[in-house]
Every structure is written in C-alpha cells, then in structure tokens.
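Participant: Dumping the structure here so I can ask a few things about it.
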Amino acid sequence: MTYADLQAALLILGLSERSTLREIKSRYRQLVKRHHPDTGNADDQGIIRKVNAAYRIVLDYVTEYRFSFAEEEFYEQNPDERLRRQFMEDQLWGKG
C-alpha cells in the first residue's frame with residue numbers, strides 16, 4: 001500500500017485524515033447499505049467493489065498502526081481530561 005492508495009481509500013469512504021475506528025466502520029456500513037447490489041441499481045455493483053477495496057486498505061492500515069499510550073498523547077486525545085487535570089487544584093475551577 002502506498003500513501004496515495006490510503007488517500008484514495010479515504011476519499012472513496014468520505015473520511016478525514018483524523019477518523020476514529022468507530023467512524024470508519026460506521027461510514028462503511030452506511031455506504032454498503034446505500035450501494036448494496038440488492039438495492040437493484042446495476043451501477044452499485046462497481047461502487048460496492050470500490051467501497052470494499054477502500055475499506056480493506058483503511059482497515060489494514062489501522063490494524064498495523066502503532067498506538068501511543070504515552071501520557072502526552074492521552075491528554076491530546078482527551079482535552080476535557082487535560083483541562084480537568086490542569087485546573088483541578090484551582091480554587092475557582094477545582095476543589096479549592
């Protein structure tokens with residue numbers, strides 16, 4: 001897989017560069033429901049092949065992705081928790 005393959009797959013699935021696994025799976029299900037061959041549209045067969053291929057590319061990428069469990073990354077992904085931690089000792093915002 002190349003980066004261009006990954007970008008093309010994201011475009012087909014209508015995903016951004018920062019999508020969660022939940023968003024990836026949800027978008028895939030939406031597209032499969034819309035373009036499934038049983039819906040009766042002959043063009044959907046070609047579309048569903050592209051959607052399935054794109055999904056496999058994205059899923060392969062996220063399956064092999066190394067996740068960071070570092071504290072900095074945790075707070076980057078959870079801004080509410082970062083703010084709580086930052087201000088929990090503040091008299092106005094926290095325990096005080």
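Ordering of the structure tokens sets the chain letters (A, B, ...); residue numbers start at 1 within each chain; ligands are numbered from 1 in the order shown.
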Where in chain A does DSSP assign alpha helix (DSSP H), given as a PyMOL selection string?

Facilitator: chain A and resi 3-13+21-35+44-64+71-77+79-87

Participant: Tell me, as a PyMOL selection string, which residues lie within 10 Å of Lys50 in chain A, counting only C-alpha atoms; anything in the same chain fewer than 6 positions away does not count.

Facilitator: chain A and resi 9+12-13+44+56

Participant: Range 63-78 of chain A: which residues within 10 Å, counting only C-alpha atoms, same-chain residues fewer than 6 positions away excluded, as JSON, numbers by chain?

Facilitator: {"A": [21, 57, 85]}

Participant: Nearest to Ser19 in chain A: which of A:Val58, A:Asn52, A:Gln91, A:Gly40 is it, counting only C-alpha atoms?

Facilitator: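 Answer, going by the shortest atom-to-atom distance: A:Val58.
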
Participant: Quick one: of A:Glu17, A:Asn41, A:Ile47, A:Asp90, who's nearest to Tyr3 in chain A, counting only C-alpha atoms?

Facilitator: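 Residue with the minimum atom-to-atom distance to Tyr3 in chain A: A:Glu17.
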
Participant: Please compute the CA of Ala8 in chain A-CA of Thr20 in chain A distance, one decimal, in Å.

Facilitator: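 One can read the CA of Ala8 in chain A to CA of Thr20 in chain A distance as 17.5 Å.
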
Participant: Fewer than 4 positions away in the same chain doesn't count, so skip those; otherwise give me all residues within 9 Å of His35 in chain A, counting only C-alpha atoms, as a PyMOL selection string.

Facilitator: chain A and resi 30-31+39+41+43-45+47-48+51
